>>> print(open('coords.pdb').read())   # PDB, C-alpha atoms
MODEL        1
ATOM      1  CA  MET A   1      69.107  93.067 101.378
ATOM      2  CA  ASP A   2      69.259  92.301  97.626
ATOM      3  CA  LYS A   3      65.532  92.025  96.964
ATOM      4  CA  ARG A   4      65.944  91.053  93.325
ATOM      5  CA  PHE A   5      68.299  88.227  94.216
ATOM      6  CA  GLU A   6      65.904  86.925  96.839
ATOM      7  CA  ALA A   7      63.041  87.078  94.329
ATOM      8  CA  LEU A   8      65.161  85.311  91.706
ATOM      9  CA  LYS A   9      66.106  82.621  94.190
ATOM     10  CA  GLU A  10      62.460  82.044  95.158
ATOM     11  CA  TRP A  11      61.379  81.926  91.497
ATOM     12  CA  THR A  12      64.186  79.516  90.579
ATOM     13  CA  GLY A  13      63.273  77.112  93.351
ATOM     14  CA  ARG A  14      59.625  77.227  92.342
ATOM     15  CA  VAL A  15      60.162  76.556  88.627
ATOM     16  CA  LEU A  16      62.622  73.778  89.424
ATOM     17  CA  GLY A  17      60.251  72.262  91.943
ATOM     18  CA  ALA A  18      63.277  71.899  94.175
ATOM     19  CA  GLY A  19      63.824  72.187  97.882
ATOM     20  CA  ALA A  20      67.543  72.639  98.464
ATOM     21  CA  PHE A  21      69.793  73.992  95.717
ATOM     22  CA  ASP A  22      72.906  76.141  95.535
ATOM     23  CA  ILE A  23      72.877  79.516  93.786
ATOM     24  CA  ARG A  24      75.873  81.815  93.499
ATOM     25  CA  PRO A  25      77.267  84.474  91.126
ATOM     26  CA  ALA A  26      78.410  82.946  87.851
ATOM     27  CA  SER A  27      80.160  85.831  86.104
ATOM     28  CA  ALA A  28      80.808  89.538  86.027
ATOM     29  CA  ASP A  29      79.119  91.403  83.200
ATOM     30  CA  ALA A  30      79.593  94.812  81.621
ATOM     31  CA  SER A  31      75.836  95.271  81.358
ATOM     32  CA  PHE A  32      72.960  95.540  83.812
ATOM     33  CA  ARG A  33      72.345  91.787  83.636
ATOM     34  CA  ARG A  34      73.482  89.412  86.375
ATOM     35  CA  TYR A  35      74.073  85.687  86.084
ATOM     36  CA  PHE A  36      73.920  83.062  88.826
ATOM     37  CA  ARG A  37      74.963  79.420  88.633
ATOM     38  CA  VAL A  38      72.292  77.123  90.031
ATOM     39  CA  THR A  39      73.453  73.683  91.181
ATOM     40  CA  LEU A  40      70.944  70.976  91.926
ATOM     41  CA  GLY A  41      72.621  67.613  92.446
ATOM     42  CA  GLN A  42      74.610  66.915  89.263
ATOM     43  CA  GLN A  43      72.667  69.488  87.268
ATOM     44  CA  SER A  44      74.023  72.988  86.629
ATOM     45  CA  LEU A  45      71.908  75.806  85.175
ATOM     46  CA  ILE A  46      72.160  79.590  84.873
ATOM     47  CA  ALA A  47      69.601  82.004  86.327
ATOM     48  CA  MET A  48      69.644  85.417  84.631
ATOM     49  CA  ASP A  49      68.471  88.582  86.360
ATOM     50  CA  ALA A  50      67.652  91.271  83.793
ATOM     51  CA  PRO A  51      65.565  94.078  85.345
ATOM     52  CA  PRO A  52      62.699  94.794  82.919
ATOM     53  CA  ASP A  53      63.062  98.566  83.322
ATOM     54  CA  LYS A  54      66.581  98.269  81.838
ATOM     55  CA  GLY A  55      65.653  96.168  78.797
ATOM     56  CA  ASP A  56      63.301  93.597  77.313
ATOM     57  CA  MET A  57      64.421  89.972  77.480
ATOM     58  CA  ARG A  58      62.204  88.989  74.557
ATOM     59  CA  ALA A  59      65.004  89.806  72.138
ATOM     60  CA  TYR A  60      67.351  87.444  73.975
ATOM     61  CA  VAL A  61      64.808  84.629  73.906
ATOM     62  CA  ALA A  62      63.921  85.115  70.236
ATOM     63  CA  ILE A  63      67.562  85.249  69.136
ATOM     64  CA  ALA A  64      68.465  82.222  71.262
ATOM     65  CA  HIS A  65      65.774  80.178  69.504
ATOM     66  CA  ARG A  66      66.934  81.253  66.039
ATOM     67  CA  LEU A  67      70.621  80.626  66.684
ATOM     68  CA  HIS A  68      69.902  77.270  68.284
ATOM     69  CA  ALA A  69      67.894  76.335  65.182
ATOM     70  CA  LEU A  70      71.020  77.014  63.078
ATOM     71  CA  GLY A  71      72.922  74.476  65.170
ATOM     72  CA  LEU A  72      74.945  77.039  67.097
ATOM     73  CA  ASN A  73      75.800  76.251  70.699
ATOM     74  CA  VAL A  74      73.856  78.914  72.587
ATOM     75  CA  PRO A  75      72.081  78.551  75.940
ATOM     76  CA  GLU A  76      68.629  77.024  75.709
ATOM     77  CA  VAL A  77      65.877  78.958  77.448
ATOM     78  CA  LEU A  78      64.161  76.627  79.926
ATOM     79  CA  GLN A  79      61.945  79.027  81.870
ATOM     80  CA  GLU A  80      61.128  82.706  81.462
ATOM     81  CA  ASP A  81      59.356  85.389  83.456
ATOM     82  CA  HIS A  82      59.292  88.567  81.396
ATOM     83  CA  GLU A  83      57.302  90.509  83.948
ATOM     84  CA  ARG A  84      60.080  90.257  86.500
ATOM     85  CA  GLY A  85      63.023  89.854  84.140
ATOM     86  CA  PHE A  86      64.084  86.324  85.091
ATOM     87  CA  LEU A  87      65.354  83.546  82.842
ATOM     88  CA  LEU A  88      66.550  80.023  83.538
ATOM     89  CA  ILE A  89      68.911  78.777  80.834
ATOM     90  CA  THR A  90      71.332  75.922  80.244
ATOM     91  CA  ASP A  91      74.898  76.295  81.501
ATOM     92  CA  LEU A  92      77.730  76.340  78.949
ATOM     93  CA  GLY A  93      80.380  75.984  81.647
ATOM     94  CA  GLU A  94      83.124  78.170  83.046
ATOM     95  CA  GLN A  95      85.903  77.912  80.451
ATOM     96  CA  LEU A  96      86.148  81.303  78.771
ATOM     97  CA  TYR A  97      88.033  81.516  75.498
ATOM     98  CA  LEU A  98      90.060  84.344  77.041
ATOM     99  CA  SER A  99      91.579  82.148  79.741
ATOM    100  CA  ASN A 100      92.237  79.288  77.304
ATOM    101  CA  LEU A 101      93.825  81.139  74.387
ATOM    102  CA  ASN A 102      97.571  80.617  73.978
ATOM    103  CA  GLU A 103     100.067  79.755  71.244
ATOM    104  CA  GLN A 104      99.191  76.076  71.447
ATOM    105  CA  SER A 105      95.392  76.493  71.422
ATOM    106  CA  VAL A 106      94.705  79.573  69.327
ATOM    107  CA  GLU A 107      94.514  77.948  65.889
ATOM    108  CA  ARG A 108      92.085  75.295  67.101
ATOM    109  CA  LEU A 109      89.927  77.650  69.152
ATOM    110  CA  TYR A 110      89.791  80.369  66.508
ATOM    111  CA  GLY A 111      89.158  77.730  63.859
ATOM    112  CA  ASP A 112      86.070  76.606  65.764
ATOM    113  CA  ALA A 113      84.933  80.209  66.342
ATOM    114  CA  LEU A 114      85.371  81.112  62.665
ATOM    115  CA  GLY A 115      83.432  78.006  61.678
ATOM    116  CA  ALA A 116      80.566  79.041  63.961
ATOM    117  CA  LEU A 117      80.679  82.561  62.510
ATOM    118  CA  VAL A 118      80.253  81.120  59.008
ATOM    119  CA  VAL A 119      77.158  79.265  60.243
ATOM    120  CA  LEU A 120      75.767  82.487  61.735
ATOM    121  CA  GLN A 121      76.394  84.580  58.628
ATOM    122  CA  ALA A 122      75.257  81.891  56.188
ATOM    123  CA  GLY A 123      72.060  81.558  58.212
ATOM    124  CA  THR A 124      71.084  85.174  57.554
ATOM    125  CA  SER A 125      67.557  85.263  56.200
ATOM    126  CA  ALA A 126      67.305  86.463  52.611
ATOM    127  CA  ASP A 127      63.642  87.286  53.087
ATOM    128  CA  ALA A 128      63.225  91.048  53.071
ATOM    129  CA  ALA A 129      60.080  90.644  55.115
ATOM    130  CA  ASP A 130      62.015  89.007  57.938
ATOM    131  CA  LYS A 131      62.540  91.906  60.365
ATOM    132  CA  PHE A 132      63.948  89.534  62.954
ATOM    133  CA  LEU A 133      66.862  91.821  63.848
ATOM    134  CA  PRO A 134      67.181  95.623  63.719
ATOM    135  CA  ASP A 135      69.484  97.305  61.211
ATOM    136  CA  TYR A 136      72.948  98.448  62.176
ATOM    137  CA  ASP A 137      72.241 101.793  60.526
ATOM    138  CA  ALA A 138      74.160 105.044  60.173
ATOM    139  CA  ALA A 139      72.584 106.577  63.249
ATOM    140  CA  LEU A 140      73.609 103.665  65.506
ATOM    141  CA  LEU A 141      77.117 103.466  64.083
ATOM    142  CA  LYS A 142      77.668 107.177  64.699
ATOM    143  CA  ARG A 143      75.999 107.133  68.120
ATOM    144  CA  GLU A 144      78.403 104.410  69.214
ATOM    145  CA  MET A 145      81.455 106.444  68.200
ATOM    146  CA  GLU A 146      80.117 109.485  70.014
ATOM    147  CA  ILE A 147      80.653 107.506  73.230
ATOM    148  CA  PHE A 148      84.386 107.877  72.548
ATOM    149  CA  ARG A 149      84.098 111.669  72.304
ATOM    150  CA  GLU A 150      81.788 112.056  75.301
ATOM    151  CA  TRP A 151      83.044 109.487  77.778
ATOM    152  CA  TYR A 152      86.718 108.927  76.963
ATOM    153  CA  LEU A 153      87.901 112.294  75.667
ATOM    154  CA  GLY A 154      85.443 114.421  77.637
ATOM    155  CA  ARG A 155      84.636 112.644  80.890
ATOM    156  CA  HIS A 156      87.710 110.450  81.385
ATOM    157  CA  LEU A 157      90.473 112.715  80.088
ATOM    158  CA  GLY A 158      88.712 116.035  80.707
ATOM    159  CA  LEU A 159      89.400 117.282  77.196
ATOM    160  CA  GLU A 160      87.298 119.940  75.515
ATOM    161  CA  LEU A 161      87.904 119.745  71.794
ATOM    162  CA  ALA A 162      88.316 122.863  69.687
ATOM    163  CA  ALA A 163      85.979 123.384  66.746
ATOM    164  CA  GLY A 164      88.603 122.201  64.263
ATOM    165  CA  GLN A 165      89.300 119.064  66.283
ATOM    166  CA  ASN A 166      85.609 118.251  66.424
ATOM    167  CA  ARG A 167      85.415 118.673  62.642
ATOM    168  CA  VAL A 168      88.242 116.183  62.204
ATOM    169  CA  LEU A 169      86.445 113.673  64.401
ATOM    170  CA  ASP A 170      83.150 114.289  62.590
ATOM    171  CA  GLY A 171      84.853 113.632  59.255
ATOM    172  CA  ILE A 172      86.443 110.405  60.463
ATOM    173  CA  PHE A 173      83.135 109.211  61.894
ATOM    174  CA  ALA A 174      81.431 109.884  58.550
ATOM    175  CA  GLN A 175      84.067 107.906  56.627
ATOM    176  CA  LEU A 176      83.827 104.962  59.008
ATOM    177  CA  VAL A 177      80.033 104.937  58.751
ATOM    178  CA  GLN A 178      80.249 105.021  54.950
ATOM    179  CA  SER A 179      82.682 102.104  54.901
ATOM    180  CA  ALA A 180      80.506 100.061  57.249
ATOM    181  CA  LEU A 181      77.358 100.707  55.206
ATOM    182  CA  SER A 182      79.109  99.772  51.951
ATOM    183  CA  GLN A 183      79.637  96.205  53.180
ATOM    184  CA  PRO A 184      77.301  93.253  52.526
ATOM    185  CA  ARG A 185      74.769  92.778  55.331
ATOM    186  CA  VAL A 186      74.558  89.674  57.505
ATOM    187  CA  TRP A 187      73.416  88.744  60.988
ATOM    188  CA  VAL A 188      75.878  90.291  63.459
ATOM    189  CA  HIS A 189      76.325  88.991  67.013
ATOM    190  CA  ARG A 190      77.940  92.351  67.908
ATOM    191  CA  ASP A 191      80.105  91.093  70.803
ATOM    192  CA  TYR A 192      81.752  88.019  69.302
ATOM    193  CA  HIS A 193      84.937  87.935  71.362
ATOM    194  CA  SER A 194      86.889  85.945  73.929
ATOM    195  CA  ARG A 195      84.757  86.954  76.916
ATOM    196  CA  ASN A 196      81.552  85.799  75.249
ATOM    197  CA  LEU A 197      82.827  82.532  73.788
ATOM    198  CA  MET A 198      83.110  79.422  75.945
ATOM    199  CA  VAL A 199      85.281  76.364  75.376
ATOM    200  CA  THR A 200      82.793  73.508  75.199
ATOM    201  CA  ARG A 201      82.790  69.855  74.271
ATOM    202  CA  PRO A 202      81.103  69.009  72.025
ATOM    203  CA  ASN A 203      80.060  71.759  69.607
ATOM    204  CA  ASN A 204      82.714  74.346  70.428
ATOM    205  CA  PRO A 205      82.330  77.270  70.976
ATOM    206  CA  GLY A 206      79.517  78.085  73.339
ATOM    207  CA  ILE A 207      78.188  81.528  72.406
ATOM    208  CA  LEU A 208      76.893  84.038  74.977
ATOM    209  CA  ASP A 209      75.618  87.639  75.142
ATOM    210  CA  PHE A 210      73.914  87.814  71.756
ATOM    211  CA  GLN A 211      70.861  89.863  72.743
ATOM    212  CA  ASP A 212      72.097  93.015  70.979
ATOM    213  CA  ALA A 213      72.423  91.288  67.590
ATOM    214  CA  VAL A 214      71.671  93.285  64.428
ATOM    215  CA  VAL A 215      71.798  93.023  60.655
ATOM    216  CA  GLY A 216      75.025  94.746  59.749
ATOM    217  CA  PRO A 217      78.487  94.744  58.138
ATOM    218  CA  VAL A 218      79.953  91.375  57.217
ATOM    219  CA  THR A 219      83.340  92.112  58.879
ATOM    220  CA  TYR A 220      82.005  93.309  62.233
ATOM    221  CA  ASP A 221      82.052  90.015  64.164
ATOM    222  CA  LEU A 222      85.329  89.031  62.501
ATOM    223  CA  VAL A 223      86.921  92.201  63.898
ATOM    224  CA  SER A 224      85.444  91.498  67.329
ATOM    225  CA  LEU A 225      87.113  88.090  67.352
ATOM    226  CA  LEU A 226      90.466  88.742  65.682
ATOM    227  CA  ARG A 227      91.115  92.268  67.012
ATOM    228  CA  ASP A 228      89.785  91.442  70.453
ATOM    229  CA  CYS A 229      89.925  94.238  73.029
ATOM    230  CA  TYR A 230      91.113  91.694  75.617
ATOM    231  CA  ILE A 231      93.890  89.846  73.770
ATOM    232  CA  ALA A 232      96.095  90.849  70.825
ATOM    233  CA  TRP A 233      97.905  88.915  68.100
ATOM    234  CA  PRO A 234     100.532  90.065  65.557
ATOM    235  CA  ARG A 235      99.102  91.883  62.547
ATOM    236  CA  ASP A 236     100.501  89.474  59.961
ATOM    237  CA  ARG A 237      98.874  86.579  61.774
ATOM    238  CA  VAL A 238      95.565  88.406  61.972
ATOM    239  CA  GLU A 239      95.733  89.206  58.253
ATOM    240  CA  GLY A 240      96.287  85.518  57.537
ATOM    241  CA  TRP A 241      93.179  84.621  59.522
ATOM    242  CA  VAL A 242      91.172  87.345  57.743
ATOM    243  CA  LYS A 243      92.180  86.029  54.312
ATOM    244  CA  GLY A 244      91.418  82.473  55.382
ATOM    245  CA  TYR A 245      87.981  83.519  56.573
ATOM    246  CA  HIS A 246      87.350  85.397  53.339
ATOM    247  CA  GLU A 247      88.002  82.216  51.354
ATOM    248  CA  LEU A 248      85.849  80.110  53.667
ATOM    249  CA  ALA A 249      83.011  82.624  53.508
ATOM    250  CA  LEU A 250      83.141  82.701  49.703
ATOM    251  CA  GLN A 251      82.905  78.914  49.602
ATOM    252  CA  SER A 252      79.918  79.074  51.955
ATOM    253  CA  GLY A 253      77.980  81.534  49.827
ATOM    254  CA  ILE A 254      78.391  84.499  52.178
ATOM    255  CA  PRO A 255      78.456  87.779  50.177
ATOM    256  CA  VAL A 256      81.995  88.912  50.969
ATOM    257  CA  GLY A 257      83.026  89.759  47.402
ATOM    258  CA  GLU A 258      85.947  88.341  45.412
ATOM    259  CA  ASP A 259      88.437  91.108  46.279
ATOM    260  CA  ASP A 260      90.334  90.095  49.424
ATOM    261  CA  ALA A 261      92.176  93.451  49.556
ATOM    262  CA  ARG A 262      88.843  95.290  49.731
ATOM    263  CA  PHE A 263      87.661  92.834  52.366
ATOM    264  CA  LEU A 264      90.773  93.578  54.471
ATOM    265  CA  ARG A 265      90.138  97.316  54.111
ATOM    266  CA  TRP A 266      86.550  96.825  55.265
ATOM    267  CA  PHE A 267      87.893  94.817  58.199
ATOM    268  CA  ASP A 268      90.440  97.458  59.192
ATOM    269  CA  LEU A 269      88.028 100.399  59.063
ATOM    270  CA  MET A 270      85.314  98.412  60.813
ATOM    271  CA  GLY A 271      87.829  97.791  63.572
ATOM    272  CA  VAL A 272      88.461 101.507  64.044
ATOM    273  CA  GLN A 273      84.722 102.128  64.412
ATOM    274  CA  ARG A 274      84.347  99.297  66.904
ATOM    275  CA  HIS A 275      87.428 100.208  68.908
ATOM    276  CA  LEU A 276      86.524 103.878  69.251
ATOM    277  CA  LYS A 277      83.169 102.726  70.624
ATOM    278  CA  ALA A 278      84.810 100.213  72.965
ATOM    279  CA  ILE A 279      87.215 102.798  74.403
ATOM    280  CA  GLY A 280      84.286 105.058  75.182
ATOM    281  CA  ILE A 281      82.344 102.199  76.749
ATOM    282  CA  PHE A 282      85.288 101.219  78.946
ATOM    283  CA  ALA A 283      85.472 104.803  80.231
ATOM    284  CA  ARG A 284      81.708 104.904  80.758
ATOM    285  CA  LEU A 285      81.758 101.635  82.687
ATOM    286  CA  ASN A 286      84.240 103.235  85.062
ATOM    287  CA  HIS A 287      82.610 106.632  85.560
ATOM    288  CA  ARG A 288      78.921 105.790  85.288
ATOM    289  CA  ASP A 289      78.744 102.181  86.459
ATOM    290  CA  GLY A 290      81.606 101.949  88.954
ATOM    291  CA  LYS A 291      83.402  99.197  86.985
ATOM    292  CA  PRO A 292      87.024 100.335  86.640
ATOM    293  CA  GLY A 293      88.438  96.971  85.566
ATOM    294  CA  TYR A 294      87.967  97.686  81.863
ATOM    295  CA  LEU A 295      90.253 100.733  81.934
ATOM    296  CA  ALA A 296      93.230  98.388  81.658
ATOM    297  CA  ASP A 297      91.977  97.322  78.215
ATOM    298  CA  ILE A 298      91.995 100.850  76.773
ATOM    299  CA  PRO A 299      95.718 100.963  75.819
ATOM    300  CA  ARG A 300      95.428  97.746  73.766
ATOM    301  CA  THR A 301      92.255  98.973  72.092
ATOM    302  CA  LEU A 302      93.646 102.443  71.398
ATOM    303  CA  GLY A 303      96.744 100.754  69.982
ATOM    304  CA  TYR A 304      94.584  99.098  67.326
ATOM    305  CA  VAL A 305      93.133 102.483  66.341
ATOM    306  CA  GLN A 306      96.574 104.064  66.092
ATOM    307  CA  GLU A 307      98.079 101.176  64.111
ATOM    308  CA  VAL A 308      95.298 101.039  61.525
ATOM    309  CA  SER A 309      95.194 104.835  61.229
ATOM    310  CA  THR A 310      98.798 104.856  60.001
ATOM    311  CA  ARG A 311      97.908 102.522  57.100
ATOM    312  CA  TYR A 312      95.155 104.445  55.346
ATOM    313  CA  PRO A 313      95.510 108.008  53.985
ATOM    314  CA  GLU A 314      91.901 108.849  54.828
ATOM    315  CA  LEU A 315      92.599 108.038  58.491
ATOM    316  CA  GLN A 316      95.756 110.149  58.756
ATOM    317  CA  PRO A 317      93.790 113.071  60.272
ATOM    318  CA  LEU A 318      92.683 110.744  63.071
ATOM    319  CA  GLN A 319      96.257 109.703  63.754
ATOM    320  CA  ALA A 320      97.326 113.355  63.824
ATOM    321  CA  LEU A 321      94.474 114.237  66.188
ATOM    322  CA  LEU A 322      95.346 111.433  68.589
ATOM    323  CA  ARG A 323      98.906 112.789  68.754
ATOM    324  CA  GLU A 324      97.750 116.398  69.040
ATOM    325  CA  LEU A 325      95.544 115.492  72.008
ATOM    326  CA  LYS A 326      98.501 113.659  73.600
ATOM    327  CA  LEU A 327      96.382 110.652  74.462
ATOM    328  CA  PRO A 328      98.028 108.235  76.914
ATOM    329  CA  GLY A 329     100.095 105.653  75.035
ATOM    330  CA  VAL A 330      99.887 107.349  71.634
ATOM    331  CA  ALA A 331     103.346 107.812  70.155
TER     332      ALA A 331
ENDMDL
END
>>> encode(input="coords.pdb", output="structure tokens")
Amino acid sequence: MDKRFEALKEWTGRVLGAGAFDIRPASADASFRRYFRVTLGQQSLIAMDAPPDKGDMRAYVAIAHRLHALGLNVPEVLQEDHERGFLLITDLGEQLYLSNLNEQSVERLYGDALGALVVLQAGTSADAADKFLPDYDAALLKREMEIFREWYLGRHLGLELAAGQNRVLDGIFAQLVQSALSQPRVWVHRDYHSRNLMVTRPNNPGILDFQDAVVGPVTYDLVSLLRDCYIAWPRDRVEGWVKGYHELALQSGIPVGEDDARFLRWFDLMGVQRHLKAIGIFARLNHRDGKPGYLADIPRTLGYVQEVSTRYPELQPLQALLRELKLPGVA
């Protein structure tokens, strides 16, 4: 018997003051959290199960309140039980961006998502005393990339790198950290992509899974959206969107700098950092968590790393290492 589900069901019925209601899984998630859609007559809500020994929901609740105050379309927290790790939140529907993106819809949907991102970044508090979100610091940036070395190269492919190969990877990691830390700092959702954005009317998009937000590089969420691990677009089109966002951000007072070529470089290198992390996470989800479905997204994500690595001299050692290791799909 799933004791946590039974406890969640009992708690949901009690806080709703309801007798009969329907509760069933709402979505799959790459984390430890589970989501259930609760239907009571014409009303639909989401019950979240987040075991307290795996993480503290207070961050989710605090960030939800702040983002909602900015006018962003995030779930509203209706009821919370931090002791047991239960939340009852509003339902943003079932229409993922991922399943709705196509040639006819992409400009409209990305336009809405970029507009919401401007609101998020422009809402960043300028008060140094506001420690609302943790810093995306050097240690975290590097720790994320180490997941690639440990879980993808080591655990998934069974590779044991030679000392020289490890030095190459260490050097690349250091350059990517330096580039990330050189960027202006804003509020960063940290998973702003097509599986966490919902098509909603009104106030598109609905924004999910923001509990790991940080203060970090200005291009990070833009990379998450436009170089999505789950759907790819031609580079020239992506560059057009990046330049368009740069102009919009400048007009909105976001500190992106006047130099759009530097902004694109920041974007590209930020993408390599993020995609190395994502590849490692996809491997870890398979081997540690028994979730093999994300392995199919590794070739697309690795393709981003390879493509960007050919464009920048400082990343040429990474491109050479990927070929030397004969990684699947690397030409």
>>> closest_atom_pairs(input="coords.pdb", of="region 221-320 of chain A", to="region 171-184 of chain A", cutoff="9 Å", atoms="only C-alpha atoms", output="JSON lines")
{"residue": "A:Ile254", "atom": "CA", "partner": "A:Pro184", "partner_atom": "CA", "distance": 8.8}
{"residue": "A:Pro255", "atom": "CA", "partner": "A:Pro184", "partner_atom": "CA", "distance": 6.1}
{"residue": "A:Val256", "atom": "CA", "partner": "A:Pro184", "partner_atom": "CA", "distance": 6.6}
{"residue": "A:Gly257", "atom": "CA", "partner": "A:Pro184", "partner_atom": "CA", "distance": 8.4}
{"residue": "A:Phe263", "atom": "CA", "partner": "A:Gln183", "partner_atom": "CA", "distance": 8.7}
{"residue": "A:Arg265", "atom": "CA", "partner": "A:Ser179", "partner_atom": "CA", "distance": 8.9}
{"residue": "A:Trp266", "atom": "CA", "partner": "A:Ser179", "partner_atom": "CA", "distance": 6.6}
{"residue": "A:Leu269", "atom": "CA", "partner": "A:Leu176", "partner_atom": "CA", "distance": 6.2}
{"residue": "A:Met270", "atom": "CA", "partner": "A:Ala180", "partner_atom": "CA", "distance": 6.2}
{"residue": "A:Val272", "atom": "CA", "partner": "A:Leu176", "partner_atom": "CA", "distance": 7.7}
{"residue": "A:Gln273", "atom": "CA", "partner": "A:Leu176", "partner_atom": "CA", "distance": 6.2}
{"residue": "A:Glu314", "atom": "CA", "partner": "A:Ile172", "partner_atom": "CA", "distance": 8.0}
{"residue": "A:Leu315", "atom": "CA", "partner": "A:Ile172", "partner_atom": "CA", "distance": 6.9}
{"residue": "A:Pro317", "atom": "CA", "partner": "A:Ile172", "partner_atom": "CA", "distance": 7.8}
{"residue": "A:Leu318", "atom": "CA", "partner": "A:Ile172", "partner_atom": "CA", "distance": 6.8}
>>> residues_near_point(input="coords.pdb", point="(77.9, 79.1, 92.1)", cutoff="10 Å", atoms="only C-alpha atoms", output="list in words")
Asp22, Ile23, Arg24, Pro25, Ala26, Ser27, Tyr35, Phe36, Arg37, Val38, Thr39, Ser44, Leu45 and Ile46 of chain A
>>> closest_residue(input="coords.pdb", among="A:Arg34, A:Leu302, A:Leu117, A:Glu150", to="His246 (chain A)", atoms="all atoms listed in the file")
A:Leu117
>>> atom_distance(input="coords.pdb", atom1="CA of Asp137 (chain A)", atom2="CA of Val215 (chain A)")
8.8 Å
>>> residues_around(input="coords.pdb", residues="Phe32 (chain A)", least_positions_apart="5", cutoff="10 Å", atoms="only C-alpha atoms", output="ChimeraX atom specification")
/A:49-51,54-55,289
>>> closest_residue(input="coords.pdb", among="A:Leu16, A:Ala64, A:Ala278, A:Leu208", to="Gln79 (chain A)", atoms="all atoms listed in the file")
A:Leu16
>>> resolve_selection(input="coords.pdb", expression="the PyMOL selection byres ((chain A and resi 134) around 8)", output="number ranges by chain")
A: 131-133, 135-136, 213-215
>>> atom_distance(input="coords.pdb", atom1="CA of Asp236 (chain A)", atom2="CA of Leu120 (chain A)")
25.8 Å
>>> residues_around(input="coords.pdb", residues="Glu146 (chain A)", least_positions_apart="5", cutoff="9 Å", atoms="all atoms listed in the file", output="NGL selection string")
:A and (141 or 151 or 173 or 276-277 or 280)
>>> resolve_selection(input="coords.pdb", expression="the PyMOL selection byres ((chain A and resi 65) around 12)", output="list in words")
Arg58, Ala59, Tyr60, Val61, Ala62, Ile63, Ala64, Arg66, Leu67, His68, Ala69, Leu70, Gly71, Leu72, Asn73, Val74, Pro75, Glu76, Val77, Leu78, Ile89, Phe132, Phe210 and Gln211 of chain A
>>> resolve_selection(input="coords.pdb", expression="the PyMOL selection byres ((chain A and resi 11) around 10)", output="MDAnalysis selection string")
chainID A and resid 5:10 12:17 47 81 84 86:88
